[in-house]
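Student: I'm passing along my_file00.cif; it holds mmCIF, C-alpha atoms.
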data_protein
loop_
_atom_site.label_atom_id
_atom_site.label_comp_id
_atom_site.auth_asym_id
_atom_site.auth_seq_id
_atom_site.Cartn_x
_atom_site.Cartn_y
_atom_site.Cartn_z
CA MET G 598 112.94 112.67 90.18
CA ALA G 599 112.72 111.81 86.49
CA PHE G 600 116.44 110.97 86.40
CA THR G 601 116.07 108.76 89.48
CA PHE G 602 113.21 106.87 87.82
CA PHE G 603 115.37 106.55 84.69
CA LEU G 604 118.18 104.97 86.73
CA LEU G 605 115.71 102.65 88.46
CA GLY G 606 114.38 101.61 85.06
CA ILE G 607 117.88 100.76 83.82
CA ILE G 608 118.62 98.67 86.92
CA TYR G 609 115.32 96.83 86.72
CA LEU G 610 115.64 96.17 82.99
CA ALA G 611 119.15 94.80 83.49
CA PHE G 612 117.92 92.62 86.35
CA PHE G 613 115.07 91.13 84.32
CA THR G 614 117.37 90.63 81.33
CA LEU G 615 119.77 88.67 83.54
CA MET G 616 116.91 86.55 84.93
CA VAL G 617 115.72 85.72 81.42
CA TYR G 618 119.29 84.95 80.29
CA LEU G 619 119.76 82.55 83.20
CA GLY G 620 116.46 80.88 82.49
CA ILE G 621 115.04 81.87 85.85
CA ASN G 622 111.30 81.84 86.39
CA PRO G 623 110.66 84.15 89.32
CA SER G 624 106.90 84.20 88.65
CA PHE G 625 105.87 82.83 92.04
CA ILE G 626 108.01 85.34 93.93
CA ALA G 627 106.84 88.14 91.60
CA ILE G 628 103.19 87.28 92.33
CA PHE G 629 103.95 87.01 96.04
CA SER G 630 105.73 90.38 95.99
CA LEU G 631 102.87 92.01 94.10
CA GLY G 632 100.37 90.57 96.55
CA ALA G 633 102.29 91.81 99.58
CA MET G 634 102.73 95.27 98.08
CA PHE G 635 99.07 95.44 97.01
CA VAL G 636 97.92 94.70 100.57
CA GLN G 637 100.36 97.26 101.96
CA TYR G 638 99.29 99.89 99.40
CA TYR G 639 95.53 99.22 99.48
CA TYR G 640 95.32 99.13 103.27
CA SER G 641 98.11 101.62 103.98
CA ASP G 642 95.80 104.08 105.74
CA THR G 643 94.36 101.41 108.05
CA ILE G 644 97.78 99.86 108.75
CA VAL G 645 99.47 103.18 109.59
CA ILE G 646 96.57 104.52 111.64
CA LYS G 647 96.41 101.37 113.77
CA SER G 648 100.19 101.09 114.17
CA MET G 649 100.38 104.70 115.34
CA GLY G 650 97.34 104.44 117.61
CA ALA G 651 95.71 107.37 115.82
CA LYS G 652 92.08 108.35 116.38
CA ILE G 653 89.89 109.67 113.58
CA LEU G 654 88.45 113.03 114.59
CA THR G 655 84.94 114.17 113.78
CA GLU G 656 84.20 117.79 112.93
CA SER G 657 82.64 118.35 116.34
CA GLU G 658 85.77 117.02 118.07
CA ALA G 659 88.19 119.30 116.20
CA PRO G 660 86.25 122.09 114.43
CA GLU G 661 89.25 124.39 113.90
CA LEU G 662 91.38 121.60 112.44
CA HIS G 663 88.56 120.56 110.11
CA GLU G 664 88.00 124.15 109.04
CA MET G 665 91.70 124.56 108.23
CA ILE G 666 91.75 121.33 106.20
CA ASN G 667 88.59 122.38 104.35
CA ARG G 668 90.17 125.70 103.34
CA LEU G 669 93.44 124.08 102.21
CA CYS G 670 91.63 121.37 100.24
CA SER G 671 89.62 124.03 98.46
CA ILE G 672 92.81 125.84 97.42
CA ALA G 673 94.56 122.59 96.43
CA ASP G 674 91.48 121.20 94.63
CA LEU G 675 91.44 118.04 96.74
CA PRO G 676 88.64 116.02 98.32
CA LYS G 677 88.72 116.30 102.08
CA PRO G 678 90.71 113.50 103.73
CA LYS G 679 89.98 111.94 107.08
CA ILE G 680 91.66 113.76 109.96
CA ALA G 681 93.34 111.86 112.78
CA MET G 682 95.13 112.64 116.02
CA VAL G 683 97.97 110.69 117.65
CA ASN G 684 98.26 111.14 121.40
CA THR G 685 102.01 111.64 121.79
CA ASN G 686 104.24 114.49 122.85
CA ILE G 687 106.42 113.91 119.76
CA PRO G 688 105.62 116.87 117.44
CA ASN G 689 104.93 115.50 113.97
CA ALA G 690 102.42 114.92 111.19
CA PHE G 691 101.91 112.46 108.36
CA ALA G 692 99.61 111.59 105.47
CA THR G 693 98.74 108.16 104.17
CA GLY G 694 96.22 106.52 101.84
CA ARG G 695 96.15 104.90 98.43
CA ASN G 696 94.64 107.86 96.54
CA LYS G 697 93.07 111.29 96.92
CA SER G 698 89.69 109.82 97.86
CA HIS G 699 91.09 107.44 100.48
CA ALA G 700 93.55 109.56 102.42
CA VAL G 701 94.20 110.38 106.05
CA VAL G 702 96.10 113.36 107.41
CA ALA G 703 97.22 112.94 111.00
CA VAL G 704 98.79 115.27 113.53
CA THR G 705 100.13 114.61 117.01
CA THR G 706 99.05 116.33 120.19
CA GLY G 707 102.66 117.48 120.57
CA LEU G 708 102.48 119.24 117.20
CA MET G 709 99.23 120.99 118.09
CA GLN G 710 100.77 122.29 121.30
CA GLN G 711 103.97 123.66 119.71
CA LEU G 712 102.84 125.32 116.48
CA ASN G 713 100.83 128.47 115.89
CA SER G 714 97.98 128.47 113.36
CA GLY G 715 100.11 129.64 110.42
CA GLU G 716 102.76 126.99 111.05
CA LEU G 717 100.14 124.27 111.51
CA GLU G 718 98.47 125.29 108.25
CA ALA G 719 101.82 125.02 106.44
CA VAL G 720 102.43 121.52 107.84
CA LEU G 721 98.95 120.39 106.81
CA ALA G 722 99.52 121.83 103.32
CA HIS G 723 102.75 119.80 103.10
CA GLU G 724 100.88 116.61 103.96
CA LEU G 725 98.05 117.41 101.53
CA THR G 726 100.66 117.89 98.80
CA HIS G 727 101.84 114.33 99.42
CA VAL G 728 98.25 113.22 98.83
CA LYS G 729 97.87 115.42 95.74
CA ASN G 730 101.14 114.08 94.26
CA ARG G 731 100.11 110.47 94.93
CA ASP G 732 103.42 109.85 96.66
CA ALA G 733 102.25 106.59 98.26
CA MET G 734 101.53 105.16 94.81
CA VAL G 735 104.76 106.50 93.29
CA LEU G 736 106.97 104.98 95.97
CA THR G 737 105.05 101.68 95.92
CA ILE G 738 105.58 101.32 92.17
CA ALA G 739 109.24 102.31 92.50
CA SER G 740 109.74 99.70 95.23
CA PHE G 741 108.34 96.68 93.37
CA ILE G 742 111.51 95.32 91.79
CA SER G 743 113.43 96.09 94.96
CA THR G 744 110.96 93.90 96.84
CA LEU G 745 111.23 91.20 94.19
CA ALA G 746 115.03 91.27 94.44
CA TYR G 747 114.78 90.99 98.21
CA TYR G 748 112.69 87.83 98.04
CA LEU G 749 114.88 86.36 95.32
CA MET G 750 117.84 87.06 97.57
CA LEU G 751 116.12 85.11 100.35
CA PHE G 752 114.75 82.21 98.34
CA GLY G 753 117.29 81.85 95.53
CA GLY G 754 115.26 81.50 92.36
CA GLY G 755 111.73 80.65 93.23
CA SER G 756 111.86 76.95 92.32
CA ARG G 757 113.74 73.77 93.17
CA ARG G 758 115.23 73.69 89.67
CA ASP G 759 116.73 77.13 90.15
CA LYS G 760 118.22 76.22 93.53
CA ASP G 761 119.84 73.07 92.14
CA SER G 762 121.38 74.92 89.19
CA GLY G 763 124.80 76.55 89.11
CA ASN G 764 123.06 79.90 88.70
CA ALA G 765 121.96 80.11 92.34
CA ILE G 766 125.01 82.08 93.51
CA LEU G 767 124.77 84.47 90.57
CA ILE G 768 121.06 85.03 91.29
CA PHE G 769 121.87 85.74 94.94
CA LEU G 770 124.64 88.21 94.11
CA ALA G 771 122.60 89.96 91.42
CA SER G 772 119.67 90.27 93.81
CA ILE G 773 121.90 91.85 96.46
CA VAL G 774 123.27 94.40 93.98
CA VAL G 775 119.82 95.26 92.59
CA TYR G 776 118.29 95.53 96.06
CA ALA G 777 121.08 97.76 97.37
CA ALA G 778 121.19 100.04 94.32
CA SER G 779 117.40 100.37 94.06
CA TYR G 780 117.12 101.00 97.81
CA LEU G 781 119.50 103.95 97.57
CA LEU G 782 117.64 105.34 94.56
CA ILE G 783 114.25 104.92 96.27
CA MET G 784 115.55 106.79 99.33
CA SER G 785 116.75 109.51 96.95
CA LEU G 786 113.32 109.60 95.31
CA SER G 787 111.69 109.88 98.73
CA ARG G 788 113.87 112.88 99.57
CA TYR G 789 112.91 114.56 96.27
CA ARG G 790 109.23 113.99 97.14
CA GLU G 791 109.77 115.81 100.43
CA PHE G 792 111.25 118.80 98.59
CA ALA G 793 108.25 118.69 96.24
CA ALA G 794 105.82 118.60 99.17
CA ASP G 795 107.59 121.59 100.76
CA ARG G 796 107.24 123.50 97.50
CA GLY G 797 103.59 122.50 97.16
CA ALA G 798 102.85 123.67 100.69
CA SER G 799 104.57 126.98 99.98
CA ILE G 800 102.44 127.54 96.88
CA ILE G 801 99.19 126.54 98.62
CA THR G 802 99.72 128.82 101.61
CA GLY G 803 101.90 131.45 99.94
CA GLN G 804 103.99 131.43 103.13
CA PRO G 805 107.20 129.34 102.83
CA SER G 806 108.52 131.05 105.97
CA GLN G 807 105.70 129.52 108.02
CA LEU G 808 106.71 126.03 106.94
CA ALA G 809 110.37 126.82 107.66
CA SER G 810 109.42 128.01 111.14
CA ALA G 811 107.35 124.86 111.70
CA LEU G 812 110.19 122.59 110.59
CA ARG G 813 112.57 124.31 113.01
CA LYS G 814 110.12 123.95 115.88
CA ILE G 815 109.40 120.30 115.08
CA SER G 816 113.08 119.48 114.81
CA GLY G 817 113.80 121.28 118.08
CA GLY G 818 110.87 119.58 119.79
CA ILE G 819 111.98 116.14 118.63
CA SER G 820 115.49 116.75 119.97
CA ARG G 821 114.02 117.12 123.46
CA ILE G 822 112.09 113.84 123.35
CA PRO G 823 113.69 110.84 125.15
CA SER G 824 115.42 108.42 122.76
CA GLU G 825 113.30 105.52 124.02
CA ASP G 826 110.10 107.28 122.92
CA LEU G 827 111.55 108.17 119.52
CA ARG G 828 112.62 104.60 118.80
CA LYS G 829 109.04 103.43 119.33
CA VAL G 830 107.92 105.38 116.26
CA GLU G 831 111.11 105.05 114.19
CA GLY G 832 109.40 102.57 111.88
CA SER G 833 107.06 105.34 110.72
CA ASN G 834 109.85 107.78 109.84
CA ALA G 835 109.05 107.64 106.12
CA PHE G 836 105.57 109.05 106.80
CA PHE G 837 106.57 111.91 109.11
CA ILE G 838 107.23 115.46 107.98
CA ILE G 839 110.52 115.20 109.91
CA PRO G 840 111.93 111.78 110.89
CA ALA G 841 111.76 110.97 114.58
CA VAL G 842 115.28 109.55 114.43
CA SER G 843 117.58 111.18 111.90
CA LYS G 844 121.09 110.41 110.73
CA SER G 845 123.86 112.62 109.41
CA SER G 846 126.84 112.62 107.08
CA ILE G 847 127.02 109.60 104.76
CA PHE G 848 123.87 108.17 106.37
CA ASN G 849 121.87 110.88 104.57
CA LEU G 850 122.08 108.47 101.60
CA PHE G 851 119.86 106.08 103.56
CA SER G 852 117.45 108.73 104.79
CA THR G 853 113.87 109.17 103.58
CA HIS G 854 114.10 112.93 104.20
CA PRO G 855 116.57 115.64 103.16
CA PRO G 856 118.63 117.33 105.89
CA LEU G 857 116.75 120.13 107.64
CA GLU G 858 119.32 122.69 106.47
CA ALA G 859 118.73 121.75 102.81
CA ARG G 860 114.96 122.07 103.22
CA LEU G 861 115.26 125.46 104.90
CA ALA G 862 117.56 126.70 102.13
CA ALA G 863 115.09 125.50 99.48
CA LEU G 864 112.21 127.23 101.27
CA GLU G 865 114.23 130.45 101.38
CA ARG G 866 114.70 130.24 97.60
CA ILE G 867 110.98 129.61 97.11
CA GLU G 868 110.21 132.66 99.28
CA LYS G 869 112.32 134.81 96.98
CA GLU G 870 110.69 133.31 93.88
CA LEU G 871 107.22 134.11 95.23
CA GLU G 872 108.29 137.66 96.07
CA ILE G 873 109.61 138.17 92.54
CA SER G 874 106.47 136.74 90.96
CA GLY G 875 104.30 138.88 93.24
CA VAL G 876 102.42 135.94 94.78
#
Starting from the coordinates I provided, produce the structure as structure tokens.

Tutor:
Amino acid sequence: MAFTFFLLGIIYLAFFTLMVYLGINPSFIAIFSLGAMFVQYYYSDTIVIKSMGAKILTESEAPELHEMINRLCSIADLPKPKIAMVNTNIPNAFATGRNKSHAVVAVTTGLMQQLNSGELEAVLAHELTHVKNRDAMVLTIASFISTLAYYLMLFGGGSRRDKDSGNAILIFLASIVVYAASYLLIMSLSRYREFAADRGASIITGQPSQLASALRKISGGISRIPSEDLRKVEGSNAFFIIPAVSKSSIFNLFSTHPPLEARLAALERIEKELEISGV
């Protein structure tokens, strides 16, 4: 993850250096990009909950789920997030929110039906690790220059003077390169964050095998869902513990999540590490 951030920093520094060299003033687009990302980040929990049709559950509505979250939060030293349910047969879970004090952990009815208590606890620990690691903030910060490059690519240079200059084509090409390269690195960073959340869940529960079992069941359950239903939630893939629609081969480069096989292999290694350390 550190190396990915290092590469992103080099790309962004080179991009800004080129903008300064060309005399470009992308201030308006930068402010616009910051504003759009701030709204998305600050209201991420509300946006995702509404887009998914999730319902916030009170303790009386889901006492066992609340009790499980309470226990995991105590182990992970986290404030208790809101708990939500999505009424869909697609087995999945996600976490969202701008910080530890404004977080939501959601599960689907399909997930609740397919997993046993140990597997469900492991999935919830995975999502709480995302909250603990502030992954929403990390990926938002990492995405800023990518967003700026995208809008520069659309609007040229941010001013009439820039569009009339001979630098417009160079700005467009540079923006495409920066956007493409940073997008690939951000997807790579997202995959590393999933590995980190798997490790965090394993440490919190002490049962990597339970998470591995849950991932297998979720993946198998998703494979039985009609494609039309999966496409309806494809836009939320980045939030899910396993993407509703996954790709293979070279398309793994564009995926927000590592391949299931890689995650299972990592969990097996963590299991052995915990056994050696006596945890």

Student: Give me, as an mmCIF file with C-alpha atoms, in the coordinates of the input, all polymer residues having an atom no more than 12 Å from G:Pro840, counting only C-alpha atoms and skipping those fewer than 6 positions away in the same chain.

Tutor:
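To be explicit, this is the file written out as out.cif:
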data_model
loop_
_atom_site.group_PDB
_atom_site.id
_atom_site.type_symbol
_atom_site.label_atom_id
_atom_site.label_comp_id
_atom_site.auth_asym_id
_atom_site.auth_seq_id
_atom_site.Cartn_x
_atom_site.Cartn_y
_atom_site.Cartn_z
ATOM 1 C CA ILE G 687 106.420 113.910 119.760
ATOM 2 C CA PRO G 688 105.620 116.870 117.440
ATOM 3 C CA ASN G 689 104.930 115.500 113.970
ATOM 4 C CA ALA G 690 102.420 114.920 111.190
ATOM 5 C CA PHE G 691 101.910 112.460 108.360
ATOM 6 C CA ARG G 788 113.870 112.880 99.570
ATOM 7 C CA GLU G 791 109.770 115.810 100.430
ATOM 8 C CA LEU G 812 110.190 122.590 110.590
ATOM 9 C CA ILE G 815 109.400 120.300 115.080
ATOM 10 C CA SER G 816 113.080 119.480 114.810
ATOM 11 C CA GLY G 818 110.870 119.580 119.790
ATOM 12 C CA ILE G 819 111.980 116.140 118.630
ATOM 13 C CA SER G 820 115.490 116.750 119.970
ATOM 14 C CA LEU G 827 111.550 108.170 119.520
ATOM 15 C CA ARG G 828 112.620 104.600 118.800
ATOM 16 C CA VAL G 830 107.920 105.380 116.260
ATOM 17 C CA GLU G 831 111.110 105.050 114.190
ATOM 18 C CA GLY G 832 109.400 102.570 111.880
ATOM 19 C CA SER G 833 107.060 105.340 110.720
ATOM 20 C CA ASN G 834 109.850 107.780 109.840
ATOM 21 C CA ASN G 849 121.870 110.880 104.570
ATOM 22 C CA SER G 852 117.450 108.730 104.790
ATOM 23 C CA THR G 853 113.870 109.170 103.580
ATOM 24 C CA HIS G 854 114.100 112.930 104.200
ATOM 25 C CA PRO G 855 116.570 115.640 103.160
ATOM 26 C CA PRO G 856 118.630 117.330 105.890
ATOM 27 C CA LEU G 857 116.750 120.130 107.640
#

Student: Tell me which residues the PyMOL selection byres ((chain G and resi 642) around 9) grabs here, as a list in words.

Tutor: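 That expression, the PyMOL selection byres ((chain G and resi 642) around 9), corresponds here to Tyr638, Tyr639, Tyr640, Ser641, Thr643, Ile644, Val645, Ile646, Lys647, Ala692, Thr693, Gly694, Arg695, His699, Ala700 and Val701 of chain G.
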
Student: Distance atom CA of G:Met709-atom CA of G:Tyr789, one decimal place?

Tutor: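 Atom-to-atom, atom CA of G:Met709 to atom CA of G:Tyr789, that is 26.5 Å.
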
Student: In file coordinates, which residues lie within 10 Å of (103.0, 112.9, 97.4) using all atoms listed in the file, given as a PDB file with C-alpha atoms, keeping the file's coordinate frame?

Tutor:
ATOM      1  CA  ALA G 692      99.610 111.590 105.470  1.00  0.00           C
ATOM      2  CA  THR G 693      98.740 108.160 104.170  1.00  0.00           C
ATOM      3  CA  ASN G 696      94.640 107.860  96.540  1.00  0.00           C
ATOM      4  CA  HIS G 723     102.750 119.800 103.100  1.00  0.00           C
ATOM      5  CA  GLU G 724     100.880 116.610 103.960  1.00  0.00           C
ATOM      6  CA  LEU G 725      98.050 117.410 101.530  1.00  0.00           C
ATOM      7  CA  THR G 726     100.660 117.890  98.800  1.00  0.00           C
ATOM      8  CA  HIS G 727     101.840 114.330  99.420  1.00  0.00           C
ATOM      9  CA  VAL G 728      98.250 113.220  98.830  1.00  0.00           C
ATOM     10  CA  LYS G 729      97.870 115.420  95.740  1.00  0.00           C
ATOM     11  CA  ASN G 730     101.140 114.080  94.260  1.00  0.00           C
ATOM     12  CA  ARG G 731     100.110 110.470  94.930  1.00  0.00           C
ATOM     13  CA  ASP G 732     103.420 109.850  96.660  1.00  0.00           C
ATOM     14  CA  ALA G 733     102.250 106.590  98.260  1.00  0.00           C
ATOM     15  CA  MET G 734     101.530 105.160  94.810  1.00  0.00           C
ATOM     16  CA  VAL G 735     104.760 106.500  93.290  1.00  0.00           C
ATOM     17  CA  LEU G 736     106.970 104.980  95.970  1.00  0.00           C
ATOM     18  CA  SER G 787     111.690 109.880  98.730  1.00  0.00           C
ATOM     19  CA  ARG G 790     109.230 113.990  97.140  1.00  0.00           C
ATOM     20  CA  GLU G 791     109.770 115.810 100.430  1.00  0.00           C
ATOM     21  CA  ALA G 793     108.250 118.690  96.240  1.00  0.00           C
ATOM     22  CA  ALA G 794     105.820 118.600  99.170  1.00  0.00           C
ATOM     23  CA  GLY G 797     103.590 122.500  97.160  1.00  0.00           C
TER      24      GLY G 797
END

Student: Would you write out, as number ranges by chain, every residue that the PyMOL selection byres ((chain G and resi 804) around 12) captures in this file?

Tutor: G: 715-720, 722-723, 795-803, 805-811, 864-865, 867-872, 876

Student: Please produce a file of those selected residues containing C-alpha atoms, as a compact mmCIF listing (two decimals), keeping the file's coordinate frame.

Tutor:
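As a result, result17.txt now contains:
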# COMPACT_ATOMS: atom_id res chain seq x y z
CA GLY G 715 100.11 129.64 110.42
CA GLU G 716 102.76 126.99 111.05
CA LEU G 717 100.14 124.27 111.51
CA GLU G 718 98.47 125.29 108.25
CA ALA G 719 101.82 125.02 106.44
CA VAL G 720 102.43 121.52 107.84
CA ALA G 722 99.52 121.83 103.32
CA HIS G 723 102.75 119.80 103.10
CA ASP G 795 107.59 121.59 100.76
CA ARG G 796 107.24 123.50 97.50
CA GLY G 797 103.59 122.50 97.16
CA ALA G 798 102.85 123.67 100.69
CA SER G 799 104.57 126.98 99.98
CA ILE G 800 102.44 127.54 96.88
CA ILE G 801 99.19 126.54 98.62
CA THR G 802 99.72 128.82 101.61
CA GLY G 803 101.90 131.45 99.94
CA PRO G 805 107.20 129.34 102.83
CA SER G 806 108.52 131.05 105.97
CA GLN G 807 105.70 129.52 108.02
CA LEU G 808 106.71 126.03 106.94
CA ALA G 809 110.37 126.82 107.66
CA SER G 810 109.42 128.01 111.14
CA ALA G 811 107.35 124.86 111.70
CA LEU G 864 112.21 127.23 101.27
CA GLU G 865 114.23 130.45 101.38
CA ILE G 867 110.98 129.61 97.11
CA GLU G 868 110.21 132.66 99.28
CA LYS G 869 112.32 134.81 96.98
CA GLU G 870 110.69 133.31 93.88
CA LEU G 871 107.22 134.11 95.23
CA GLU G 872 108.29 137.66 96.07
CA VAL G 876 102.42 135.94 94.78

Student: My list of candidates is G:Met682, G:Gln711, G:Ile607, G:Asp826. Which is closest to G:Met649 when distances are computed with all atoms listed in the file?

Tutor: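 Checking each of G:Met682, G:Gln711, G:Ile607, G:Asp826 against G:Met649, counting all atoms listed in the file, the winner is G:Met682.
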
Student: Quick check, in Å to one decimal: how far apart do atom CA of G:Ile738 and atom CA of G:Leu861 lie?

Tutor: 29.0 Å

Student: Expressed in Å to a single decimal, how great is the separation between atom CA of G:Ile680 and atom CA of G:His663?

Tutor: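 Straight-line distance from atom CA of G:Ile680 to atom CA of G:His663 works out to 7.5 Å.
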
Student: With all atoms listed in the file as the basis for distance, which of G:Asn684, G:Thr601, G:Thr705, G:Ser698 is at the shortest distance from G:Ile783?

Tutor: G:Thr601

Student: Given the file shown, enumerate the residues that the PyMOL selection byres ((chain G and resi 677) around 8) captures and present them as a PyMOL selection string.

Tutor: chain G and resi 666-667+670+675-676+678-679+698

Student: Which one of G:Leu721, G:Gln637, G:Leu654, G:Phe603 sits closest to G:Leu669 if you count only C-alpha atoms?

Tutor: G:Leu721
